[in-house]
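Engineer: Shown below is the structure under consideration.
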Number of protein chains: 2
Amino acid sequence: MASLSNETRPLDETELRAWRGLLRAHALLVKRLDADLESAHGLPLTSYEVLLHLDKAEGCKMRMCDVAESVLLSRSGLTRLVDRLERDGYVERVSCADDARGAYARLTDAGRSKLRAASSTHLEGIREHFLSHFEPAELATLADACERVAGPSGPQSCSAQT
Amino acid sequence: MASLSNETRPLDETELRAWRGLLRAHALLVKRLDADLESAHGLPLTSYEVLLHLDKAEGCKMRMCDVAESVLLSRSGLTRLVDRLERDGYVERVSCADDARGAYARLTDAGRSKLRAASSTHLEGIREHFLSHFEPAELATLADACERVAGPSGPQSCSAQT
DNA sequence: CGCCTGTGATTGCATGTGCAACAATGTAGG
DNA sequence: CCTACATTGTTGCACATGCAATCACAGGCG
């Protein structure tokens, strides 16, 4: 399905700037936001995102596999991450009544406090390092384009609460 | 410099879609491109990028620290990556004449062949998974915005060849 | 010249992550 | 009911990566 002259033509300048720019922007953003959270609250960015998703969920608890999908981690990666969060007292595991295989991760009071404390740091970081560089129309364009790239934001497939 | 009501206001829907979309798009793109390269040529994405930058450089060789910056890796990370590439015969280390501390990584013939073979896979992947979702104007907007976020594409600071 | 500070590259160690294998449980079909 | 397959979460292992310490050298200053 590929005519060589078309498919293997090198990227033009705009294409290259967009692709490399995306890589650089992502790397820089994640690094800065993670460093900010870590230094101000001792909380890595991935941990913050878990707490954030749990807080938004009904009953502040989610199935492990749903959390994994939300934070873009493998199931095993999330198991270890929740291990650390549980050790620090920010979440607790709750067995699932209607599915004995499953487990919920539930936000504890300490976890909610930590999240509240860290949220302003994170929001300021996102605004300063990311949002401030976009005009509203650009932001909407970017959002649409990213959704086309990544597909719909997958409404929890695991135990979709109807 | 921060009125609380402004800085800690949660993200509106567009802001959230843009931010999470960026994370999701990046994760998906890197995962797909890496998997494609790995399965078709046994070459991880990071390795490919090193070969690519070396090929574009004058004499197909670059200082280690310049390569590290180009591929967004720490110096130690790059040392190990070049170890692997040298073991596979794709690059070789060349000592630097005018700075005995420094070392060049230079692309070998095998490395160039590997790069040529893998490039069409990579280009097709970028076009299919990334570029195809953008119109030209959107792409230019994205490129500009990413450069504002990440700053200028740092013209090699280490041994800038004048 | 001899020293001292700065830089390039490497190495030891710790860590976060994914894959594959596993056990426990759910679900469908005979 | 019982069997076969799918799914959930965890674990063993390998691996890529970053930080800090280290070594070798460059460049400046006394």
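Simple scheme: letters A, B, ... for chains in structure tokens order, numbers from 1 for residues in each chain, numbers from 1 for ligands in the order shown.
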Where does chain A end up after superposition onto chain B over all in-order Cα pairs? Give it as a PDB file with C-alpha atoms, in the first residue's frame.
Structural biologist:
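Printed below is out.pdb as written:
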```
ATOM      1  CA  MET A   1       2.947  36.245  42.691  1.00  0.00           C
ATOM      2  CA  ALA A   2      -0.137  34.092  42.760  1.00  0.00           C
ATOM      3  CA  SER A   3      -3.627  35.083  43.708  1.00  0.00           C
ATOM      4  CA  LEU A   4      -5.190  31.876  44.898  1.00  0.00           C
ATOM      5  CA  SER A   5      -8.466  32.289  43.077  1.00  0.00           C
ATOM      6  CA  ASN A   6      -6.644  32.430  39.798  1.00  0.00           C
ATOM      7  CA  GLU A   7      -3.713  30.048  40.091  1.00  0.00           C
ATOM      8  CA  THR A   8      -5.484  27.173  41.767  1.00  0.00           C
ATOM      9  CA  ARG A   9      -8.654  27.230  39.749  1.00  0.00           C
ATOM     10  CA  PRO A  10      -9.044  23.805  38.204  1.00  0.00           C
ATOM     11  CA  LEU A  11      -8.441  23.351  34.503  1.00  0.00           C
ATOM     12  CA  ASP A  12     -11.392  23.964  32.238  1.00  0.00           C
ATOM     13  CA  GLU A  13     -12.436  21.269  29.851  1.00  0.00           C
ATOM     14  CA  THR A  14     -10.335  22.373  26.909  1.00  0.00           C
ATOM     15  CA  GLU A  15      -7.240  22.767  29.041  1.00  0.00           C
ATOM     16  CA  LEU A  16      -7.745  19.330  30.492  1.00  0.00           C
ATOM     17  CA  ARG A  17      -8.352  17.741  27.123  1.00  0.00           C
ATOM     18  CA  ALA A  18      -5.205  19.359  25.753  1.00  0.00           C
ATOM     19  CA  TRP A  19      -3.019  18.307  28.671  1.00  0.00           C
ATOM     20  CA  ARG A  20      -4.261  14.763  28.991  1.00  0.00           C
ATOM     21  CA  GLY A  21      -4.389  14.464  25.239  1.00  0.00           C
ATOM     22  CA  LEU A  22      -0.754  15.397  24.983  1.00  0.00           C
ATOM     23  CA  LEU A  23       0.189  12.763  27.535  1.00  0.00           C
ATOM     24  CA  ARG A  24      -1.898  10.109  25.839  1.00  0.00           C
ATOM     25  CA  ALA A  25      -0.801  10.997  22.334  1.00  0.00           C
ATOM     26  CA  HIS A  26       2.860  10.969  23.286  1.00  0.00           C
ATOM     27  CA  ALA A  27       2.629   7.689  25.124  1.00  0.00           C
ATOM     28  CA  LEU A  28       0.771   6.000  22.309  1.00  0.00           C
ATOM     29  CA  LEU A  29       3.019   7.344  19.591  1.00  0.00           C
ATOM     30  CA  VAL A  30       6.256   6.353  21.272  1.00  0.00           C
ATOM     31  CA  LYS A  31       4.912   2.950  22.122  1.00  0.00           C
ATOM     32  CA  ARG A  32       3.735   2.268  18.579  1.00  0.00           C
ATOM     33  CA  LEU A  33       6.811   3.594  16.829  1.00  0.00           C
ATOM     34  CA  ASP A  34       9.088   1.704  19.180  1.00  0.00           C
ATOM     35  CA  ALA A  35       7.135  -1.510  18.736  1.00  0.00           C
ATOM     36  CA  ASP A  36       7.201  -1.138  14.952  1.00  0.00           C
ATOM     37  CA  LEU A  37      10.950  -0.576  14.834  1.00  0.00           C
ATOM     38  CA  GLU A  38      11.631  -3.310  17.329  1.00  0.00           C
ATOM     39  CA  SER A  39       9.578  -5.941  15.550  1.00  0.00           C
ATOM     40  CA  ALA A  40      10.678  -5.034  12.026  1.00  0.00           C
ATOM     41  CA  HIS A  41      14.367  -4.386  12.682  1.00  0.00           C
ATOM     42  CA  GLY A  42      15.143  -5.263  16.289  1.00  0.00           C
ATOM     43  CA  LEU A  43      16.052  -1.644  16.861  1.00  0.00           C
ATOM     44  CA  PRO A  44      14.586   0.342  19.766  1.00  0.00           C
ATOM     45  CA  LEU A  45      13.375   3.849  19.039  1.00  0.00           C
ATOM     46  CA  THR A  46      16.070   5.491  21.152  1.00  0.00           C
ATOM     47  CA  SER A  47      18.782   3.618  19.262  1.00  0.00           C
ATOM     48  CA  TYR A  48      17.236   4.672  15.986  1.00  0.00           C
ATOM     49  CA  GLU A  49      17.312   8.288  17.042  1.00  0.00           C
ATOM     50  CA  VAL A  50      20.986   8.101  17.898  1.00  0.00           C
ATOM     51  CA  LEU A  51      21.808   6.641  14.493  1.00  0.00           C
ATOM     52  CA  LEU A  52      19.646   9.286  12.835  1.00  0.00           C
ATOM     53  CA  HIS A  53      21.380  12.194  14.528  1.00  0.00           C
ATOM     54  CA  LEU A  54      24.811  10.764  13.818  1.00  0.00           C
ATOM     55  CA  ASP A  55      23.942  10.320  10.157  1.00  0.00           C
ATOM     56  CA  LYS A  56      22.912  13.947   9.866  1.00  0.00           C
ATOM     57  CA  ALA A  57      26.045  15.195  11.584  1.00  0.00           C
ATOM     58  CA  GLU A  58      29.171  16.263   9.796  1.00  0.00           C
ATOM     59  CA  GLY A  59      31.423  13.262   9.287  1.00  0.00           C
ATOM     60  CA  CYS A  60      28.682  11.084  10.806  1.00  0.00           C
ATOM     61  CA  LYS A  61      30.175  11.644  14.230  1.00  0.00           C
ATOM     62  CA  MET A  62      29.159  13.659  17.255  1.00  0.00           C
ATOM     63  CA  ARG A  63      30.451  14.311  20.739  1.00  0.00           C
ATOM     64  CA  MET A  64      28.797  12.118  23.331  1.00  0.00           C
ATOM     65  CA  CYS A  65      27.274  15.034  25.211  1.00  0.00           C
ATOM     66  CA  ASP A  66      25.809  16.485  22.027  1.00  0.00           C
ATOM     67  CA  VAL A  67      24.176  13.195  21.205  1.00  0.00           C
ATOM     68  CA  ALA A  68      22.797  12.982  24.709  1.00  0.00           C
ATOM     69  CA  GLU A  69      21.203  16.378  24.361  1.00  0.00           C
ATOM     70  CA  SER A  70      19.805  15.553  20.930  1.00  0.00           C
ATOM     71  CA  VAL A  71      18.059  12.423  22.040  1.00  0.00           C
ATOM     72  CA  LEU A  72      16.951  13.829  25.401  1.00  0.00           C
ATOM     73  CA  LEU A  73      18.971  11.448  27.542  1.00  0.00           C
ATOM     74  CA  SER A  74      21.321  11.932  30.452  1.00  0.00           C
ATOM     75  CA  ARG A  75      25.024  11.488  29.798  1.00  0.00           C
ATOM     76  CA  SER A  76      25.099   8.246  31.722  1.00  0.00           C
ATOM     77  CA  GLY A  77      22.062   6.991  29.889  1.00  0.00           C
ATOM     78  CA  LEU A  78      23.746   7.726  26.598  1.00  0.00           C
ATOM     79  CA  THR A  79      26.964   6.000  27.683  1.00  0.00           C
ATOM     80  CA  ARG A  80      25.027   2.775  28.185  1.00  0.00           C
ATOM     81  CA  LEU A  81      23.058   3.225  24.983  1.00  0.00           C
ATOM     82  CA  VAL A  82      26.237   3.729  22.960  1.00  0.00           C
ATOM     83  CA  ASP A  83      27.673   0.677  24.720  1.00  0.00           C
ATOM     84  CA  ARG A  84      24.826  -1.364  23.282  1.00  0.00           C
ATOM     85  CA  LEU A  85      25.119   0.200  19.822  1.00  0.00           C
ATOM     86  CA  GLU A  86      28.859  -0.419  19.790  1.00  0.00           C
ATOM     87  CA  ARG A  87      28.352  -4.014  20.876  1.00  0.00           C
ATOM     88  CA  ASP A  88      25.968  -4.436  17.933  1.00  0.00           C
ATOM     89  CA  GLY A  89      28.466  -2.797  15.600  1.00  0.00           C
ATOM     90  CA  TYR A  90      26.331   0.193  14.624  1.00  0.00           C
ATOM     91  CA  VAL A  91      28.584   2.884  16.073  1.00  0.00           C
ATOM     92  CA  GLU A  92      32.162   3.112  17.247  1.00  0.00           C
ATOM     93  CA  ARG A  93      33.862   5.373  19.718  1.00  0.00           C
ATOM     94  CA  VAL A  94      36.573   7.635  18.385  1.00  0.00           C
ATOM     95  CA  SER A  95      38.814   9.592  20.673  1.00  0.00           C
ATOM     96  CA  CYS A  96      38.805  13.316  20.173  1.00  0.00           C
ATOM     97  CA  ALA A  97      42.013  14.866  18.906  1.00  0.00           C
ATOM     98  CA  ASP A  98      41.670  18.335  20.374  1.00  0.00           C
ATOM     99  CA  ASP A  99      40.088  17.330  23.684  1.00  0.00           C
ATOM    100  CA  ALA A 100      41.474  14.223  25.325  1.00  0.00           C
ATOM    101  CA  ARG A 101      38.497  14.046  27.686  1.00  0.00           C
ATOM    102  CA  GLY A 102      36.003  13.828  24.896  1.00  0.00           C
ATOM    103  CA  ALA A 103      34.912  11.031  22.653  1.00  0.00           C
ATOM    104  CA  TYR A 104      33.003  10.905  19.434  1.00  0.00           C
ATOM    105  CA  ALA A 105      30.359   8.384  18.584  1.00  0.00           C
ATOM    106  CA  ARG A 106      30.694   7.619  14.899  1.00  0.00           C
ATOM    107  CA  LEU A 107      28.271   5.783  12.674  1.00  0.00           C
ATOM    108  CA  THR A 108      29.721   2.625  11.129  1.00  0.00           C
ATOM    109  CA  ASP A 109      28.794   1.257   7.708  1.00  0.00           C
ATOM    110  CA  ALA A 110      26.657  -1.359   9.399  1.00  0.00           C
ATOM    111  CA  GLY A 111      24.968   1.392  11.375  1.00  0.00           C
ATOM    112  CA  ARG A 112      24.242   3.353   8.230  1.00  0.00           C
ATOM    113  CA  SER A 113      22.773   0.278   6.575  1.00  0.00           C
ATOM    114  CA  LYS A 114      20.616  -0.381   9.594  1.00  0.00           C
ATOM    115  CA  LEU A 115      19.430   3.195   9.613  1.00  0.00           C
ATOM    116  CA  ARG A 116      18.553   3.113   5.913  1.00  0.00           C
ATOM    117  CA  ALA A 117      16.642  -0.109   6.372  1.00  0.00           C
ATOM    118  CA  ALA A 118      14.731   1.176   9.383  1.00  0.00           C
ATOM    119  CA  SER A 119      14.009   4.662   8.136  1.00  0.00           C
ATOM    120  CA  SER A 120      11.086   3.779   5.912  1.00  0.00           C
ATOM    121  CA  THR A 121       9.435   1.887   8.754  1.00  0.00           C
ATOM    122  CA  HIS A 122       9.878   4.864  11.010  1.00  0.00           C
ATOM    123  CA  LEU A 123       8.734   7.428   8.470  1.00  0.00           C
ATOM    124  CA  GLU A 124       5.658   5.431   7.587  1.00  0.00           C
ATOM    125  CA  GLY A 125       4.864   5.092  11.265  1.00  0.00           C
ATOM    126  CA  ILE A 126       5.165   8.804  11.886  1.00  0.00           C
ATOM    127  CA  ARG A 127       2.992   9.620   8.911  1.00  0.00           C
ATOM    128  CA  GLU A 128       0.370   7.050   9.738  1.00  0.00           C
ATOM    129  CA  HIS A 129       0.138   7.522  13.482  1.00  0.00           C
ATOM    130  CA  PHE A 130       0.972  11.194  13.793  1.00  0.00           C
ATOM    131  CA  LEU A 131       1.061  13.392  10.713  1.00  0.00           C
ATOM    132  CA  SER A 132      -2.066  11.952   9.128  1.00  0.00           C
ATOM    133  CA  HIS A 133      -4.139  13.409  11.951  1.00  0.00           C
ATOM    134  CA  PHE A 134      -3.104  16.981  11.223  1.00  0.00           C
ATOM    135  CA  GLU A 135      -3.814  19.432   8.500  1.00  0.00           C
ATOM    136  CA  PRO A 136      -0.817  21.493   7.324  1.00  0.00           C
ATOM    137  CA  ALA A 137      -1.936  24.608   9.182  1.00  0.00           C
ATOM    138  CA  GLU A 138      -2.487  22.651  12.397  1.00  0.00           C
ATOM    139  CA  LEU A 139       0.941  21.127  12.067  1.00  0.00           C
ATOM    140  CA  ALA A 140       2.576  24.516  11.790  1.00  0.00           C
ATOM    141  CA  THR A 141       0.619  25.734  14.813  1.00  0.00           C
ATOM    142  CA  LEU A 142       1.697  22.688  16.778  1.00  0.00           C
ATOM    143  CA  ALA A 143       5.313  23.106  15.776  1.00  0.00           C
ATOM    144  CA  ASP A 144       5.355  26.747  16.818  1.00  0.00           C
ATOM    145  CA  ALA A 145       3.647  26.036  20.102  1.00  0.00           C
ATOM    146  CA  CYS A 146       5.965  23.170  20.992  1.00  0.00           C
ATOM    147  CA  GLU A 147       8.968  25.350  20.335  1.00  0.00           C
ATOM    148  CA  ARG A 148       7.575  27.981  22.662  1.00  0.00           C
ATOM    149  CA  VAL A 149       7.100  25.308  25.321  1.00  0.00           C
ATOM    150  CA  ALA A 150      10.478  23.672  24.918  1.00  0.00           C
ATOM    151  CA  GLY A 151      12.557  26.649  23.945  1.00  0.00           C
ATOM    152  CA  PRO A 152      14.850  26.768  20.934  1.00  0.00           C
ATOM    153  CA  SER A 153      16.141  23.444  19.721  1.00  0.00           C
ATOM    154  CA  GLY A 154      19.465  24.094  21.416  1.00  0.00           C
ATOM    155  CA  PRO A 155      22.158  24.214  18.705  1.00  0.00           C
ATOM    156  CA  GLN A 156      24.751  21.909  20.247  1.00  0.00           C
ATOM    157  CA  SER A 157      26.236  23.642  23.258  1.00  0.00           C
ATOM    158  CA  CYS A 158      29.048  21.233  23.908  1.00  0.00           C
ATOM    159  CA  SER A 159      31.369  21.517  20.998  1.00  0.00           C
ATOM    160  CA  ALA A 160      29.412  23.769  18.684  1.00  0.00           C
ATOM    161  CA  GLN A 161      31.221  23.551  15.381  1.00  0.00           C
ATOM    162  CA  THR A 162      31.227  27.316  14.927  1.00  0.00           C
TER     163      THR A 162
END
```
Engineer: Residues of chain C no more than 8 Å from chain B, counting only C-alpha atoms (C1' of nucleotides): send them over as a list of chain:residue names.
Structural biologist: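 The complete set of qualifying residues is C:DG8, C:DA9, C:DT10.
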Engineer: Would you please extract all strand (DSSP E) residues from chain A, as assigned by DSSP on the backbone, and give them as a JSON list (two decimals) with C-alpha atoms, in the first residue's frame?
Structural biologist:
```
[["chain", "number", "residue", "atom", "x", "y", "z"],
["A", 61, "LYS", "CA", -12.06, 4.24, 44.64],
["A", 62, "MET", "CA", -11.29, 2.56, 41.35],
["A", 63, "ARG", "CA", -10.48, -0.91, 40.11],
["A", 91, "VAL", "CA", -4.31, 4.76, 49.37],
["A", 92, "GLU", "CA", -5.59, 1.45, 50.65],
["A", 93, "ARG", "CA", -6.62, -1.71, 48.89],
["A", 94, "VAL", "CA", -10.21, -2.79, 49.28],
["A", 95, "SER", "CA", -11.40, -6.15, 48.10],
["A", 103, "ALA", "CA", -9.39, -5.05, 44.11],
["A", 104, "TYR", "CA", -10.12, -1.40, 44.52],
["A", 105, "ALA", "CA", -7.57, 1.24, 45.28],
["A", 106, "ARG", "CA", -9.21, 3.76, 47.57],
["A", 107, "LEU", "CA", -7.98, 7.19, 48.53]]
```
Engineer: Select residues of chain D: the criterion is any atom within 10 Å of an atom of chain B, counting only C-alpha atoms (C1' of nucleotides); output as a PyMOL selection string.
Structural biologist: chain D and resi 16-19+24-26
Engineer: May I have all residues of segment 123-152 of chain B that DSSP, computed from the backbone, assigns to helix (DSSP H, G or I), given as a PyMOL selection string?
Structural biologist: chain B and resi 123-129+131-133+136-150
Engineer: Expressed in Å to a single decimal, how great is the separation between atom C1' of DT8 of chain D and atom C1' of DG29 of chain C?
Structural biologist: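 Atom-to-atom, atom C1' of DT8 of chain D to atom C1' of DG29 of chain C, that is 22.6 Å.
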Engineer: May I ask for the distance between atom C1' of DC13 of chain C and atom C1' of DG12 of chain D, given in Å to one decimal place?
Structural biologist: 20.5 Å
Engineer: What is the distance, in Å and to one decimal place, between atom C1' of DC13 of chain D and atom C1' of DG12 of chain C?
Structural biologist: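 Value for the atom C1' of DC13 of chain D-atom C1' of DG12 of chain C distance: 20.5 Å.
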